[in-house]
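Asker: Contents of upload-v1.pdb (PDB, C-alpha atoms) are given next:
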ATOM      1  CA  MET K   1     -29.311 -11.585  -0.522
ATOM      2  CA  SER K   2     -27.677 -13.520  -3.361
ATOM      3  CA  LYS K   3     -26.918 -10.606  -5.679
ATOM      4  CA  ALA K   4     -23.193 -10.069  -6.243
ATOM      5  CA  ARG K   5     -23.877  -6.356  -6.652
ATOM      6  CA  PRO K   6     -27.045  -5.270  -4.864
ATOM      7  CA  VAL K   7     -28.883  -2.264  -6.246
ATOM      8  CA  VAL K   8     -28.568   0.636  -3.807
ATOM      9  CA  GLY K   9     -30.505   3.813  -4.437
ATOM     10  CA  VAL K  10     -29.379   7.293  -3.467
ATOM     11  CA  LEU K  11     -32.218   9.688  -2.679
ATOM     12  CA  ALA K  12     -31.626  12.284  -5.390
ATOM     13  CA  LEU K  13     -33.762  15.222  -4.310
ATOM     14  CA  GLN K  14     -31.046  17.429  -2.819
ATOM     15  CA  GLY K  15     -27.593  17.170  -1.256
ATOM     16  CA  ASP K  16     -24.452  15.109  -1.866
ATOM     17  CA  VAL K  17     -26.046  12.786  -4.422
ATOM     18  CA  ALA K  18     -23.165  12.409  -6.900
ATOM     19  CA  GLU K  19     -20.651  11.769  -4.126
ATOM     20  CA  HIS K  20     -22.774   9.014  -2.590
ATOM     21  CA  LEU K  21     -23.415   7.411  -5.981
ATOM     22  CA  ALA K  22     -19.666   7.248  -6.633
ATOM     23  CA  MET K  23     -18.794   5.898  -3.181
ATOM     24  CA  THR K  24     -21.572   3.298  -3.257
ATOM     25  CA  GLU K  25     -20.321   2.011  -6.613
ATOM     26  CA  ARG K  26     -16.788   1.793  -5.212
ATOM     27  CA  ALA K  27     -18.151  -0.081  -2.201
ATOM     28  CA  GLY K  28     -19.466  -2.905  -4.396
ATOM     29  CA  ALA K  29     -23.065  -2.021  -5.225
ATOM     30  CA  THR K  30     -24.865  -0.816  -8.329
ATOM     31  CA  ALA K  31     -25.839   2.731  -7.391
ATOM     32  CA  VAL K  32     -28.884   4.436  -8.896
ATOM     33  CA  PRO K  33     -30.562   7.793  -8.215
ATOM     34  CA  VAL K  34     -34.055   7.640  -6.706
ATOM     35  CA  ARG K  35     -36.600  10.404  -7.289
ATOM     36  CA  ARG K  36     -39.827   8.461  -7.793
ATOM     37  CA  ALA K  37     -41.760   5.794  -5.921
ATOM     38  CA  THR K  38     -41.324   3.397  -8.856
ATOM     39  CA  GLU K  39     -37.539   3.765  -8.575
ATOM     40  CA  LEU K  40     -37.692   3.292  -4.813
ATOM     41  CA  SER K  41     -39.588   0.029  -5.275
ATOM     42  CA  GLU K  42     -36.701  -1.462  -7.278
ATOM     43  CA  VAL K  43     -33.770  -0.937  -4.892
ATOM     44  CA  ASP K  44     -32.329  -3.282  -2.268
ATOM     45  CA  GLY K  45     -31.169  -0.435  -0.027
ATOM     46  CA  LEU K  46     -31.280   3.357   0.096
ATOM     47  CA  VAL K  47     -28.794   6.106   0.969
ATOM     48  CA  LEU K  48     -30.163   9.406   2.283
ATOM     49  CA  PRO K  49     -27.422  11.955   1.621
ATOM     50  CA  GLY K  50     -26.152  14.969   3.459
ATOM     51  CA  GLY K  51     -27.797  18.247   2.523
ATOM     52  CA  GLU K  52     -30.518  20.317   4.175
ATOM     53  CA  SER K  53     -32.947  18.200   6.159
ATOM     54  CA  THR K  54     -35.924  20.584   6.060
ATOM     55  CA  THR K  55     -35.607  20.959   2.278
ATOM     56  CA  MET K  56     -35.304  17.199   1.809
ATOM     57  CA  SER K  57     -38.314  16.664   4.068
ATOM     58  CA  ARG K  58     -40.408  19.032   1.959
ATOM     59  CA  LEU K  59     -39.226  17.473  -1.311
ATOM     60  CA  LEU K  60     -40.090  13.965  -0.106
ATOM     61  CA  GLU K  61     -43.682  15.155   0.138
ATOM     62  CA  THR K  62     -43.568  17.082  -3.154
ATOM     63  CA  PHE K  63     -42.249  14.050  -5.051
ATOM     64  CA  GLU K  64     -44.809  11.782  -3.324
ATOM     65  CA  LEU K  65     -42.028   9.704  -1.780
ATOM     66  CA  LEU K  66     -42.718  10.269   1.914
ATOM     67  CA  GLU K  67     -45.263   7.535   2.538
ATOM     68  CA  PRO K  68     -43.746   4.986   0.091
ATOM     69  CA  LEU K  69     -40.394   5.445   1.839
ATOM     70  CA  ARG K  70     -41.930   5.093   5.291
ATOM     71  CA  GLU K  71     -43.660   1.901   4.153
ATOM     72  CA  ARG K  72     -40.470   0.400   2.755
ATOM     73  CA  LEU K  73     -38.528   1.283   5.899
ATOM     74  CA  ARG K  74     -41.207  -0.335   8.051
ATOM     75  CA  ALA K  75     -40.912  -3.414   5.833
ATOM     76  CA  GLY K  76     -37.172  -3.634   6.531
ATOM     77  CA  LEU K  77     -35.482  -1.700   3.711
ATOM     78  CA  PRO K  78     -31.802  -1.201   4.595
ATOM     79  CA  ALA K  79     -31.008   2.506   4.785
ATOM     80  CA  PHE K  80     -27.983   4.687   5.424
ATOM     81  CA  GLY K  81     -28.277   8.367   6.254
ATOM     82  CA  SER K  82     -25.406  10.854   6.501
ATOM     83  CA  CYS K  83     -25.876  14.200   8.287
ATOM     84  CA  ALA K  84     -29.278  15.401   6.976
ATOM     85  CA  GLY K  85     -30.071  11.759   6.221
ATOM     86  CA  MET K  86     -29.512  10.893   9.882
ATOM     87  CA  ILE K  87     -31.900  13.674  10.895
ATOM     88  CA  LEU K  88     -34.621  12.381   8.552
ATOM     89  CA  LEU K  89     -34.249   8.780   9.749
ATOM     90  CA  ALA K  90     -34.587   9.753  13.422
ATOM     91  CA  ARG K  91     -37.848   9.536  15.340
ATOM     92  CA  GLN K  92     -37.396  13.096  16.589
ATOM     93  CA  ALA K  93     -35.318  16.121  15.596
ATOM     94  CA  LEU K  94     -34.701  18.988  17.999
ATOM     95  CA  ASP K  95     -34.404  22.550  16.662
ATOM     96  CA  GLY K  96     -36.185  21.572  13.462
ATOM     97  CA  ARG K  97     -39.190  23.142  11.780
ATOM     98  CA  PRO K  98     -42.569  22.152  13.246
ATOM     99  CA  ASP K  99     -43.708  20.842   9.853
ATOM    100  CA  GLN K 100     -40.560  18.789   9.245
ATOM    101  CA  HIS K 101     -41.262  15.117   8.513
ATOM    102  CA  GLN K 102     -39.484  12.303  10.341
ATOM    103  CA  LEU K 103     -39.135   8.801   8.903
ATOM    104  CA  ASP K 104     -38.957   7.185  12.381
ATOM    105  CA  ALA K 105     -36.582   4.440  11.223
ATOM    106  CA  LEU K 106     -34.139   4.949  14.108
ATOM    107  CA  ASP K 107     -35.058   5.195  17.783
ATOM    108  CA  ILE K 108     -32.928   8.285  18.281
ATOM    109  CA  VAL K 109     -33.415  11.943  19.116
ATOM    110  CA  VAL K 110     -31.055  14.205  17.151
ATOM    111  CA  ARG K 111     -30.207  17.868  17.474
ATOM    112  CA  ARG K 112     -29.871  19.754  14.203
ATOM    113  CA  ASN K 113     -26.747  21.904  13.699
ATOM    114  CA  ALA K 114     -25.583  20.714  17.107
ATOM    115  CA  PHE K 115     -21.914  21.529  16.481
ATOM    116  CA  GLY K 116     -22.713  25.044  15.245
ATOM    117  CA  ARG K 117     -22.963  26.878  11.961
ATOM    118  CA  GLN K 118     -21.052  26.373   8.705
ATOM    119  CA  VAL K 119     -18.023  28.236  10.108
ATOM    120  CA  ASP K 120     -17.872  25.707  12.942
ATOM    121  CA  SER K 121     -17.374  22.776  10.577
ATOM    122  CA  PHE K 122     -14.461  20.552  11.538
ATOM    123  CA  GLU K 123     -12.713  17.243  10.887
ATOM    124  CA  GLU K 124     -11.931  14.502  13.404
ATOM    125  CA  ASP K 125     -10.512  10.978  13.496
ATOM    126  CA  LEU K 126     -13.006   8.511  14.990
ATOM    127  CA  GLU K 127     -12.901   4.997  16.303
ATOM    128  CA  PHE K 128     -15.801   3.373  14.447
ATOM    129  CA  THR K 129     -17.240   0.004  15.487
ATOM    130  CA  GLY K 130     -17.679  -2.375  12.552
ATOM    131  CA  VAL K 131     -15.038  -0.745  10.352
ATOM    132  CA  ASP K 132     -11.594  -2.359  10.144
ATOM    133  CA  GLY K 133      -8.322  -0.502   9.820
ATOM    134  CA  PRO K 134      -7.152   2.853  11.151
ATOM    135  CA  ALA K 135      -9.346   5.525  12.672
ATOM    136  CA  LEU K 136     -11.960   6.935  10.327
ATOM    137  CA  HIS K 137     -11.409  10.522   9.210
ATOM    138  CA  ALA K 138     -14.755  12.295   9.547
ATOM    139  CA  VAL K 139     -15.922  15.616   8.089
ATOM    140  CA  PHE K 140     -18.599  17.452  10.099
ATOM    141  CA  ILE K 141     -20.509  20.247   8.316
ATOM    142  CA  ARG K 142     -23.378  21.862  10.260
ATOM    143  CA  ALA K 143     -23.696  18.403  11.732
ATOM    144  CA  PRO K 144     -26.250  16.962  14.119
ATOM    145  CA  TRP K 145     -25.456  14.779  17.083
ATOM    146  CA  VAL K 146     -27.547  12.137  18.819
ATOM    147  CA  GLU K 147     -28.994  13.434  22.079
ATOM    148  CA  LYS K 148     -30.684  10.165  23.001
ATOM    149  CA  ALA K 149     -30.528   6.612  21.675
ATOM    150  CA  GLY K 150     -32.998   3.839  22.427
ATOM    151  CA  GLN K 151     -31.921   0.544  23.945
ATOM    152  CA  ASP K 152     -31.998  -1.242  20.579
ATOM    153  CA  VAL K 153     -29.660   1.300  18.983
ATOM    154  CA  GLU K 154     -25.977   0.386  18.716
ATOM    155  CA  VAL K 155     -23.607   3.325  19.138
ATOM    156  CA  LEU K 156     -20.812   3.012  16.555
ATOM    157  CA  ALA K 157     -18.824   6.225  17.089
ATOM    158  CA  ARG K 158     -18.487   9.139  19.477
ATOM    159  CA  VAL K 159     -16.520  12.378  19.294
ATOM    160  CA  PRO K 160     -13.226  11.963  21.197
ATOM    161  CA  GLU K 161     -12.052  14.327  23.925
ATOM    162  CA  ASP K 162     -10.851  17.637  22.485
ATOM    163  CA  PRO K 163     -10.104  20.732  24.603
ATOM    164  CA  GLY K 164     -11.316  22.939  21.754
ATOM    165  CA  ARG K 165     -14.738  21.248  21.671
ATOM    166  CA  ALA K 166     -15.399  20.278  25.270
ATOM    167  CA  ASP K 167     -19.175  20.399  24.803
ATOM    168  CA  ALA K 168     -18.906  17.869  21.960
ATOM    169  CA  ALA K 169     -16.810  15.276  23.806
ATOM    170  CA  ALA K 170     -18.384  11.798  23.791
ATOM    171  CA  ARG K 171     -21.345  12.940  21.690
ATOM    172  CA  ILE K 172     -22.818  10.125  19.602
ATOM    173  CA  VAL K 173     -22.169  10.613  15.869
ATOM    174  CA  ALA K 174     -22.798   7.175  14.342
ATOM    175  CA  VAL K 175     -25.467   4.574  15.096
ATOM    176  CA  ARG K 176     -27.045   1.431  13.790
ATOM    177  CA  GLN K 177     -30.392  -0.171  14.503
ATOM    178  CA  GLY K 178     -31.003  -3.380  12.607
ATOM    179  CA  MET K 179     -30.729  -2.631   8.897
ATOM    180  CA  VAL K 180     -30.487   1.135   9.355
ATOM    181  CA  LEU K 181     -27.150   2.950   9.634
ATOM    182  CA  ALA K 182     -26.559   6.665  10.181
ATOM    183  CA  THR K 183     -23.663   9.064  10.625
ATOM    184  CA  ALA K 184     -23.642  12.711  11.677
ATOM    185  CA  PHE K 185     -20.647  13.273   9.403
ATOM    186  CA  HIS K 186     -20.066  12.987   5.648
ATOM    187  CA  PRO K 187     -18.167   9.796   4.690
ATOM    188  CA  GLU K 188     -18.981  10.527   1.049
ATOM    189  CA  LEU K 189     -16.545  13.472   1.094
ATOM    190  CA  THR K 190     -13.341  11.781   2.270
ATOM    191  CA  GLY K 191     -12.534   9.160  -0.375
ATOM    192  CA  ASP K 192     -12.663   6.446   2.310
ATOM    193  CA  GLU K 193     -15.443   4.050   1.351
ATOM    194  CA  ARG K 194     -15.328   1.868   4.489
ATOM    195  CA  VAL K 195     -18.664   3.141   5.867
ATOM    196  CA  HIS K 196     -20.269   2.569   2.474
ATOM    197  CA  ARG K 197     -18.756  -0.934   2.378
ATOM    198  CA  LEU K 198     -20.304  -1.606   5.792
ATOM    199  CA  PHE K 199     -23.669  -0.495   4.442
ATOM    200  CA  VAL K 200     -23.357  -2.691   1.352
ATOM    201  CA  ARG K 201     -22.616  -5.651   3.660
ATOM    202  CA  ILE K 202     -25.756  -4.763   5.633
ATOM    203  CA  VAL K 203     -27.779  -4.725   2.402
ATOM    204  CA  ARG K 204     -26.367  -8.136   1.484
ATOM    205  CA  GLY K 205     -27.209  -9.461   4.955
ATOM    206  CA  GLN K 206     -23.530 -10.014   5.729
ATOM    207  CA  ALA K 207     -23.174  -7.560   8.620
TER     208      ALA K 207
END
Please go through the file and, once you have read it, give me the structure as structure tokens.
Answerer:
Amino acid sequence: MSKARPVVGVLALQGDVAEHLAMTERAGATAVPVRRATELSEVDGLVLPGGESTTMSRLLETFELLEPLRERLRAGLPAFGSCAGMILLARQALDGRPDQHQLDALDIVVRRNAFGRQVDSFEEDLEFTGVDGPALHAVFIRAPWVEKAGQDVEVLARVPEDPGRADAAARIVAVRQGMVLATAFHPELTGDERVHRLFVRIVRGQA
């Protein structure tokens, strides 16, 4: 892509929309909210924010975005999902509602609320493949984890060993498959735009 500042949409139906818009701008893209199929058709990449995955799934259908988004993803639209966005991008979500829609853009199986409820939210420093510099500080809020990843999925980060969270050790919390990136945590909440910069490089075809 030749654009100096690609246009990256942020799905603006529910969740951390403002935070992702700000971080995407800081990362070198022109960030725009997306609520309609016409807006979706004009972006070079799309961020699916953290929020509540079942609500976002229902709103995608209500706003008549579900099929247009699936079509664009099948056609190679770069996408980045954080937390609920990761759940939506997966081919399968465990512990979800039976009527919840999946976008099937990542060959992964995720477990919703895998780390527990809101009170079990935590922060952790992660080694993250593809991001330069020190460990990435990650915020997990009712986060999923990846139970299973297909052979074409690159694992970018796992939870390190921690005696207080033995069941979470080595769980996959960041993945990439082609032009699609996803994290179980919320990089939009930390002020560190390195994950967003990685996604903007993916949109530009530079990573």
Asker: Which one is closest to Pro160 (chain K): K:Leu106, K:Ala114, K:Ile141, K:Ala135? Count all atoms listed in the file.
Answerer: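 Using all atoms listed in the file, Pro160 (chain K) sits closest to K:Ala135.
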Asker: Please provide the set of residues having any atom within 12 Å of Gln14 (chain K), restricted to all atoms listed in the file, with same-chain residues fewer than 5 positions apart removed, written as a list in words.
Answerer: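 Contacts, with the query itself left out: Glu19, His20, Pro33, Val34, Arg35, Leu48, Pro49, Gly50, Gly51, Glu52, Ser53, Thr54, Thr55, Met56, Ser57, Arg58, Leu59, Leu60, Phe63, Ala84 and Gly85 of chain K.
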Asker: Any idea what's packed within 10 Å of Leu126 (chain K), counting all atoms listed in the file, ignoring anything in its chain fewer than 5 positions away? Could you give it as a ChimeraX atom specification?
Answerer: /K:134-138,156-160,173-174
Asker: Determine the residue set returned by the PyMOL selection byres ((chain K and resi 142-145) around 7) for the present structure, and present it as a ChimeraX atom specification.
Answerer: /K:83,110-118,121,140-141,146-147,171-173,184-185
Asker: Excluding Arg201 (chain K) and its own-chain neighbours fewer than 3 positions away, which residues fall within 10 Å of it when counting only C-alpha atoms? Please give them as a ChimeraX atom specification.
Answerer: /K:1,6,27-29,195-198,204-207
Asker: Between CA of Gly45 (chain K) and CA of Gly150 (chain K), measure the distance and give it in Å to one decimal.
Answerer: 22.9 Å
Asker: Quick check, in Å to one decimal: how far apart do CA of Glu42 (chain K) and CA of Val7 (chain K) lie?
Answerer: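 Distance between the two atoms: 7.9 Å.
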Asker: Excluding Pro68 (chain K) and any residue of its chain fewer than 6 positions from it, enumerate the residues within 10 Å of it, using all atoms listed in the file, and give them as a short mmCIF file (atom, residue, chain, number, x, y, z; two decimals) with C-alpha atoms, keeping the file's coordinate frame.
Answerer:
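Result file is out.cif:
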data_model
loop_
_atom_site.label_atom_id
_atom_site.label_comp_id
_atom_site.auth_asym_id
_atom_site.auth_seq_id
_atom_site.Cartn_x
_atom_site.Cartn_y
_atom_site.Cartn_z
CA ARG K 36 -39.83 8.46 -7.79
CA ALA K 37 -41.76 5.79 -5.92
CA THR K 38 -41.32 3.40 -8.86
CA LEU K 40 -37.69 3.29 -4.81
CA SER K 41 -39.59 0.03 -5.28
CA LEU K 60 -40.09 13.96 -0.11
CA ARG K 74 -41.21 -0.34 8.05
#
Asker: Written as a count of residues only, which residues does the PyMOL selection byres ((chain K and resi 92) around 9) give for the file shown?
Answerer: 15
